Amino acid sequence: MSQDAPPLSGEFATKAEAHLALGKEILFQMGKSIKYDRACSGGNDGVFRCPSAITGKTMTVPDDFQPPPREEGENQLEYNKRKRQAAEEAAKQAGLCPFKAVVRRFKCRRTGETKWRFDTLANGATVIPHSEQCEAGAVLTGSLLRSFLEAEVRANPDISGPGVIKALTAPPSTIRQHMMPSKSTLYRVLQAVKNDKAIVPSAANLADNWQGGDRKRGRRSKFPQEVQEFIFGLMTAKPSMKPMEALSHVRRRFPRLQGVADDQQIKAKAGLIKKQVKKLLQDAAAEM
Ligand SMILES: [Zn+2]
């Protein structure tokens, strides 16, 4: 895709919109799919790679990769960036597909609005293409699948599962049978679209990605892990729950917590976990 298609050089209102546009473009131009690199993305940017070059929630790094040493005077951010570039280069050397696109938030000087646009590479393109031999065939999934199903349901609210398959793959559509998801996925999403419901990630899925309380900062929390997990359960079941409400549940469930954590500490912990759950939900939404 060196001759960059216009849709990707535009501006997007949200990261999710940019994600969708990129997914569509790569599906139709290259017959391939994309995957959101959750660990390399932040609140102000989003990194997309080839699904064949992602393990878990981030890029695959070859086993023998040695991170470069940190240079004198280099701050953490600069070092992380250089380390990531080295890892990407090593992955490429190891034969992994180099596909990559980065979308970034920016503030429009004129209107003050926040928007998103893809980084432009030195050659003017916004995407490092999939390699020739890459076999990451595209399957219509996630938000891309949903956007197509929404259009079909809008046109015909009673459309059946087989009807959708026929409508989506009939000429002049460029969607082919092998790009379709499994029937169970298709019917599940179709049902969600018909009921106008969000496709919510399962709690188990969220828990897999939750690093738990302060564990990720590398210091051990005195706050009992069991209680943190209980609060996590509360927050995934009801993300709008106020820390005060969580406190009363915790007090009921763990009557002997007195002396281990006071009300203030429990509320603070509930507030923290609530934020973590919100982030996980956002990540999950961005990925779908
Ligand atoms: Zn690829």
# chains A, B, ... in the order shown; residues from 1 in each chain; ligands from 1

$ residues_near_ligand --ligand "ligand 1" --cutoff "7 Å" --atoms "only C-alpha atoms and all ligand atoms" --output "ChimeraX atom specification"
/A:50-52,97-99,130-131,134-136

$ write_last_selection --atoms "N, CA and C atoms" --output "JSON list (two decimals), in the first residue's frame"
[["chain", "number", "residue", "atom", "x", "y", "z"],
["A", 50, "CYS", "N", 0.31, -6.48, 12.64],
["A", 50, "CYS", "CA", -0.22, -7.69, 12.01],
["A", 50, "CYS", "C", -0.59, -8.68, 13.12],
["A", 51, "PRO", "N", -1.75, -9.31, 13.03],
["A", 51, "PRO", "CA", -2.12, -10.28, 14.06],
["A", 51, "PRO", "C", -1.09, -11.40, 14.21],
["A", 52, "SER", "N", -0.35, -11.67, 13.11],
["A", 52, "SER", "CA", 0.65, -12.75, 13.18],
["A", 52, "SER", "C", 1.89, -12.29, 13.96],
["A", 97, "CYS", "N", 5.97, -10.39, 10.21],
["A", 97, "CYS", "CA", 5.37, -9.39, 9.33],
["A", 97, "CYS", "C", 5.51, -8.00, 9.97],
["A", 98, "PRO", "N", 6.02, -7.01, 9.22],
["A", 98, "PRO", "CA", 6.29, -5.69, 9.80],
["A", 98, "PRO", "C", 5.09, -4.74, 9.80],
["A", 99, "PHE", "N", 3.91, -5.22, 9.37],
["A", 99, "PHE", "CA", 2.76, -4.31, 9.26],
["A", 99, "PHE", "C", 2.61, -3.44, 10.51],
["A", 130, "HIS", "N", 1.76, -5.20, 5.04],
["A", 130, "HIS", "CA", 2.03, -6.60, 5.38],
["A", 130, "HIS", "C", 3.10, -7.11, 4.43],
["A", 131, "SER", "N", 3.90, -8.07, 4.88],
["A", 131, "SER", "CA", 4.92, -8.64, 4.00],
["A", 131, "SER", "C", 4.25, -9.51, 2.94],
["A", 134, "CYS", "N", 3.09, -12.83, 4.19],
["A", 134, "CYS", "CA", 2.25, -12.82, 5.38],
["A", 134, "CYS", "C", 0.93, -13.54, 5.09],
["A", 135, "GLU", "N", 0.55, -14.38, 6.03],
["A", 135, "GLU", "CA", -0.67, -15.15, 5.80],
["A", 135, "GLU", "C", -1.78, -14.77, 6.78],
["A", 136, "ALA", "N", -1.69, -13.56, 7.31],
["A", 136, "ALA", "CA", -2.71, -13.13, 8.26],
["A", 136, "ALA", "C", -3.98, -12.78, 7.49]]

$ residues_around --residues "region 170-176 of chain A" --least-positions-apart "5" --cutoff "10 Å" --atoms "only C-alpha atoms" --output "ChimeraX atom specification"
/A:27-29,31,138-140,164-165

$ closest_residue --among "A:Met235, A:Ala39, A:Val47, A:Ala91" --to "Asp63 (chain A)" --atoms "only C-alpha atoms"
A:Ala91

$ atom_distance --atom1 "CA of Thr58 (chain A)" --atom2 "CA of Cys40 (chain A)"
6.7 Å

$ closest_residue --among "A:Met59, A:Ala125, A:Leu234, A:Met244" --to "Leu96 (chain A)" --atoms "only C-alpha atoms"
A:Met59

$ residues_around --residues "Ser9 (chain A)" --least-positions-apart "4" --cutoff "12 Å" --atoms "only C-alpha atoms" --output "number ranges by chain"
A: 3-5, 18, 21-22, 25, 101-103, 116-121, 124-127

$ atom_distance --atom1 "CA of Leu77 (chain A)" --atom2 "CA of Asn44 (chain A)"
14.3 Å

$ residues_around --residues "Arg146 (chain A)" --least-positions-apart "6" --cutoff "9 Å" --atoms "only C-alpha atoms" --output "list of chain:residue names"
A:Leu140, A:Val189, A:Leu190, A:Val193

$ write_last_selection --atoms "C-alpha atoms" --output "PDB file, in the first residue's frame"
ATOM      1  CA  LEU A 140     -14.505  -9.863   9.404  1.00  0.00           C
ATOM      2  CA  VAL A 189     -23.205 -10.229  16.922  1.00  0.00           C
ATOM      3  CA  LEU A 190     -26.282 -10.083  14.701  1.00  0.00           C
ATOM      4  CA  VAL A 193     -27.130  -5.562  16.833  1.00  0.00           C
TER       5      VAL A 193
END

$ residues_around --residues "Thr236 (chain A)" --least-positions-apart "3" --cutoff "7 Å" --atoms "only C-alpha atoms" --output "list in words"
Ala203, Phe232, Gly233, Pro239 and Val277 of chain A

$ select_by_dssp --residues "region 87-287 of chain A" --states "alpha helix (DSSP H)" --output "PyMOL selection string"
chain A and resi 87-93+142-155+161-169+183-194+203-209+225-237+243-253+263-287
